[in-house]
Structure formats: C-alpha cells, structure tokens
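*Asks:* Attaching a single structure in structure tokens format; questions to follow.
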Amino acid sequence: MVNELFTPEQLKELQDISKLKGEEQNKKFNEFLKKCTPEQVEALKHQYGGNECPFCLIKDGKLKSSILYRDEKVMVVFDINPASKGHVLIIPLDHEGSIIRSKNYREIMEVVQKVAQAAMDILKVDSINILVGDGANAGQKVAHGYVHVIPRSENDKINLNWEKMDISEKESEKLIKDFSEKLKAVKKIEIKPVKIVKKIKGVKFGERIP
Ligand SMILES: [Zn+2]
C-alpha cells in the first residue's frame, strides 16, 4: 500500500501534485520521485508510474472499452457504473486533472452538447443532466477530468437534490461584490437597444394603431 510507505507530509505533497495540470504535474512528480527511497519509487510506479490512469489506458487501447466517439481532443465511452441507460463520459484525450481548467474546454463541451442531443434522440428522452465533478470534493474519482452526460426519465432513482444552505445577508453581499468584481475581467458583449417591430394581423406595417 502506498499510504503505509509514506509520511503524512509526503502524502500531502502527493495530493497537491495530483491537483496540478499535465506538464506542471509531471515536473513536480519527477522532483518528488528524486527524494524517494527505491521502495517508495517502486510503490509509486506501481500506482501511477506505468500510466495506470484508466482513461489513458482506454485511450491507448490497453484497457478494453467501446469508444463511442473519438476525435483529436476527446473520446466518449459508456460509464461502467451507469446511473441510467445511455450514461456516458466525455473524456479529453490529454491527461489533465481538471475540466474547468482544461485548455480544450470548448472542444470538450462541444462534444458534450452533441452527445447529449444524440442521447435524447436515441433514448427518446427530453431531460439530461450534464455533470462535471471537478476535484475530489465534487465527486471526481479519477485524476483525469471527465464530464457525465446522464439521460433522465420520470421516476428514475437518481437523486441530485440538496438542502438549502443558509447564507447571511452580510456574506451574500460580500459574495456579490467578489463575484461581480472577478467577473469584470470576462469579455463583455455590447447589447444594442432593440427596436421592437411587431406585426399585428390585419394591420399594415407602419400603420398607426389605432
Ligand atoms: Zn489519464
């Protein structure tokens, strides 16, 4: 077991490394390896070293899986623990920990949309959940980001309800301030005033009403 071979500090460091992005992660991981005993290196190799990431193994054809779709950036497979019929995972080909921070976010989400539409057509459902669990606290189980597309139907057993959290007025105000300030950096789209031209049956365009 990896856990028994490492000090709590080392485990913490490994956890931090797992949160990093592709290249940065490799760099830090290699630095970490240099400080390890041969025994530790062996254990890590077994767990991470041979590219044990299940999604990378699928991508490289080393783990059997029916790839439903694949392009230069993304692949689509069925979830092996489906919540419903047609529950699929959209997985970027690059081994990146985070979907939210992925450089290929747009390409990933474009495929998500197409897959969701296809699932609706195939399964004749009008409801779908698109879920991204980014980070362990959000339910991410593999250190390689992925997006769930879950077709929904009436009375299915999927439970995505949560209890309302009480947030004080003071906290709310601070959140509004922090979010709006942070989001100022997002490109603004100028909205031009709309000239309302409504056609009314039986009235010629431009005719005065009444
Ligand atoms: Zn991977």
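By convention here, the chains of the structure tokens are called A, B, ... in the order presented, each chain's residues are numbered starting at 1, and ligands are numbered starting at 1 in the order presented.
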Taking only C-alpha atoms and all ligand atoms into account, which residues are within 7 Å of ligand 1, as a PDB file with N, CA and C atoms, in the first residue's frame?
*Replies:*
```
ATOM      1  N   CYS A  53      -3.609   5.356 -15.239  1.00  0.00           N
ATOM      2  CA  CYS A  53      -4.871   6.086 -15.365  1.00  0.00           C
ATOM      3  C   CYS A  53      -5.802   5.293 -16.287  1.00  0.00           C
ATOM      4  N   PRO A  54      -6.984   4.921 -15.809  1.00  0.00           N
ATOM      5  CA  PRO A  54      -7.853   4.079 -16.626  1.00  0.00           C
ATOM      6  C   PRO A  54      -8.250   4.733 -17.950  1.00  0.00           C
ATOM      7  N   PHE A  55      -8.426   6.051 -17.931  1.00  0.00           N
ATOM      8  CA  PHE A  55      -8.839   6.725 -19.162  1.00  0.00           C
ATOM      9  C   PHE A  55      -7.693   6.762 -20.177  1.00  0.00           C
ATOM     10  N   CYS A  56      -6.458   6.939 -19.658  1.00  0.00           N
ATOM     11  CA  CYS A  56      -5.315   6.916 -20.578  1.00  0.00           C
ATOM     12  C   CYS A  56      -5.128   5.506 -21.138  1.00  0.00           C
ATOM     13  N   ASP A  94      -6.075  14.352 -23.505  1.00  0.00           N
ATOM     14  CA  ASP A  94      -4.931  14.762 -22.685  1.00  0.00           C
ATOM     15  C   ASP A  94      -5.181  14.393 -21.229  1.00  0.00           C
ATOM     16  N   HIS A  95      -4.172  13.879 -20.567  1.00  0.00           N
ATOM     17  CA  HIS A  95      -4.310  13.568 -19.140  1.00  0.00           C
ATOM     18  C   HIS A  95      -4.230  14.867 -18.345  1.00  0.00           C
ATOM     19  N   GLU A  96      -5.394  15.463 -18.126  1.00  0.00           N
ATOM     20  CA  GLU A  96      -5.467  16.694 -17.345  1.00  0.00           C
ATOM     21  C   GLU A  96      -6.412  16.448 -16.183  1.00  0.00           C
ATOM     22  N   ALA A 143      -8.109  10.829 -11.567  1.00  0.00           N
ATOM     23  CA  ALA A 143      -7.292  12.041 -11.695  1.00  0.00           C
ATOM     24  C   ALA A 143      -7.135  12.452 -13.159  1.00  0.00           C
ATOM     25  N   HIS A 144      -8.165  12.268 -13.925  1.00  0.00           N
ATOM     26  CA  HIS A 144      -8.189  12.631 -15.342  1.00  0.00           C
ATOM     27  C   HIS A 144      -9.625  13.121 -15.555  1.00  0.00           C
TER      28      HIS A 144
END
```
*Asks:* Find the residues near Glu154 (chain A): any atom within 12 Å, counting only C-alpha atoms, skip ones fewer than 3 places away on the same chain, and give them as a list in words.
*Replies:*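 Non-adjacent residues within range: Ser84, Val125, Asp126, Ser127, Ile128, Pro151, Lys157 and Ile158 of chain A.
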*Asks:* Just the number, please: distance in Å from CA of Asp134 (chain A) to CA of Ser98 (chain A), one decimal.
*Replies:* 6.0 Å
*Asks:* Quick check for you: according to DSSP on this backbone, which residues of region 11-76 of chain A are classed as helix (DSSP H, G or I)? Reply as a PDB file with C-alpha atoms, in the first residue's frame.
*Replies:*
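As a result, out29.pdb now contains:
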```
ATOM      1  CA  LEU A  11       1.100  12.062   1.166  1.00  0.00           C
ATOM      2  CA  LYS A  12       0.014  15.683   1.410  1.00  0.00           C
ATOM      3  CA  GLU A  13       2.610  16.600  -1.223  1.00  0.00           C
ATOM      4  CA  LEU A  14       1.351  13.818  -3.483  1.00  0.00           C
ATOM      5  CA  GLN A  15      -2.182  15.057  -3.050  1.00  0.00           C
ATOM      6  CA  ASP A  16      -1.117  18.589  -4.018  1.00  0.00           C
ATOM      7  CA  ILE A  17       0.701  17.220  -7.070  1.00  0.00           C
ATOM      8  CA  SER A  18      -2.428  15.345  -8.151  1.00  0.00           C
ATOM      9  CA  GLY A  22      -0.432  17.995 -17.024  1.00  0.00           C
ATOM     10  CA  GLU A  23       3.100  19.324 -17.542  1.00  0.00           C
ATOM     11  CA  GLU A  24       3.394  21.022 -14.170  1.00  0.00           C
ATOM     12  CA  GLN A  25       2.189  17.786 -12.573  1.00  0.00           C
ATOM     13  CA  ASN A  26       4.843  15.699 -14.373  1.00  0.00           C
ATOM     14  CA  LYS A  27       7.574  18.138 -13.339  1.00  0.00           C
ATOM     15  CA  LYS A  28       6.609  18.160  -9.661  1.00  0.00           C
ATOM     16  CA  PHE A  29       6.082  14.398  -9.663  1.00  0.00           C
ATOM     17  CA  ASN A  30       9.578  13.795 -11.041  1.00  0.00           C
ATOM     18  CA  GLU A  31      11.035  16.133  -8.411  1.00  0.00           C
ATOM     19  CA  PHE A  32       9.141  14.195  -5.767  1.00  0.00           C
ATOM     20  CA  LEU A  33      10.467  10.870  -7.083  1.00  0.00           C
ATOM     21  CA  LYS A  34      14.074  12.080  -6.678  1.00  0.00           C
ATOM     22  CA  PRO A  38      13.811   2.906  -4.050  1.00  0.00           C
ATOM     23  CA  GLU A  39      11.000   1.142  -2.225  1.00  0.00           C
ATOM     24  CA  GLN A  40       8.804   4.214  -2.432  1.00  0.00           C
ATOM     25  CA  VAL A  41       9.624   4.729  -6.111  1.00  0.00           C
ATOM     26  CA  GLU A  42       8.608   1.141  -6.803  1.00  0.00           C
ATOM     27  CA  ALA A  43       5.286   1.608  -4.998  1.00  0.00           C
ATOM     28  CA  LEU A  44       4.565   4.832  -6.851  1.00  0.00           C
ATOM     29  CA  LYS A  45       5.479   3.294 -10.180  1.00  0.00           C
ATOM     30  CA  HIS A  46       3.013   0.578  -9.473  1.00  0.00           C
ATOM     31  CA  GLN A  47       0.273   3.048  -8.624  1.00  0.00           C
ATOM     32  CA  TYR A  48       0.964   5.892 -11.044  1.00  0.00           C
ATOM     33  CA  GLY A  49       4.179   5.278 -12.934  1.00  0.00           C
ATOM     34  CA  PRO A  54      -7.853   4.079 -16.626  1.00  0.00           C
ATOM     35  CA  PHE A  55      -8.839   6.725 -19.162  1.00  0.00           C
ATOM     36  CA  CYS A  56      -5.315   6.916 -20.578  1.00  0.00           C
ATOM     37  CA  LEU A  57      -5.268   3.120 -20.775  1.00  0.00           C
ATOM     38  CA  ILE A  58      -8.549   3.176 -22.714  1.00  0.00           C
ATOM     39  CA  LYS A  59      -7.193   5.927 -24.956  1.00  0.00           C
TER      40      LYS A  59
END
```
*Asks:* With region 113-118 of chain A as the partner and 9 Å as the cut-off, tabulate the residues of region 123-176 of chain A that qualify, each row holding the nearest pair of atoms and their distance in Å to one decimal, using only C-alpha atoms, sorted by chain and rising number, as CSV.
*Replies:*
```
residue,atom,partner,partner_atom,distance
A:Leu123,CA,A:Ala118,CA,8.4
A:Ile128,CA,A:Ala116,CA,7.0
A:Asn129,CA,A:Ala116,CA,8.7
A:Ile130,CA,A:Ala116,CA,8.1
A:Val149,CA,A:Ala116,CA,6.3
A:Ile150,CA,A:Ala116,CA,8.1
A:Pro151,CA,A:Ala116,CA,7.8
```
*Asks:* Pick the closest to Val88 (chain A) from A:Leu183, A:Val147, A:Ile100, A:Cys36: which is it, counting only C-alpha atoms?
*Replies:*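 When distances to Val88 (chain A) are compared using only C-alpha atoms, the smallest one comes from A:Val147.
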*Asks:* Using only C-alpha atoms, pick whichever of A:Leu89, A:Gln10, A:Val142, A:Ile108 has the shortest atom-to-atom distance to Glu52 (chain A).
*Replies:*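 Of A:Leu89, A:Gln10, A:Val142, A:Ile108, the one nearest Glu52 (chain A) is A:Val142, counting only C-alpha atoms.
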*Asks:* Considering only C-alpha atoms, can you say which of A:Lys103, A:Lys195, A:Arg152, A:Lys64 comes closest to Lys85 (chain A)?
*Replies:*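 Closest to Lys85 (chain A), using only C-alpha atoms: A:Arg152.
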*Asks:* What gap, in Å, lies between CA of Leu175 (chain A) and CA of Arg101 (chain A)?
*Replies:*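 Atom-to-atom, CA of Leu175 (chain A) and CA of Arg101 (chain A) are spaced 21.8 Å apart.
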*Asks:* Please identify the strand (DSSP E) residues within chain A (assignment by DSSP from backbone atoms) and present them as an NGL selection string.
*Replies:* :A and (67-70 or 74-78 or 88-92 or 127-131 or 147-152)
*Asks:* To one decimal in Å, tell me the separation between CA of Ala119 (chain A) and CA of Ile67 (chain A).
*Replies:*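 CA of Ile67 (chain A) lies 15.1 Å from CA of Ala119 (chain A).
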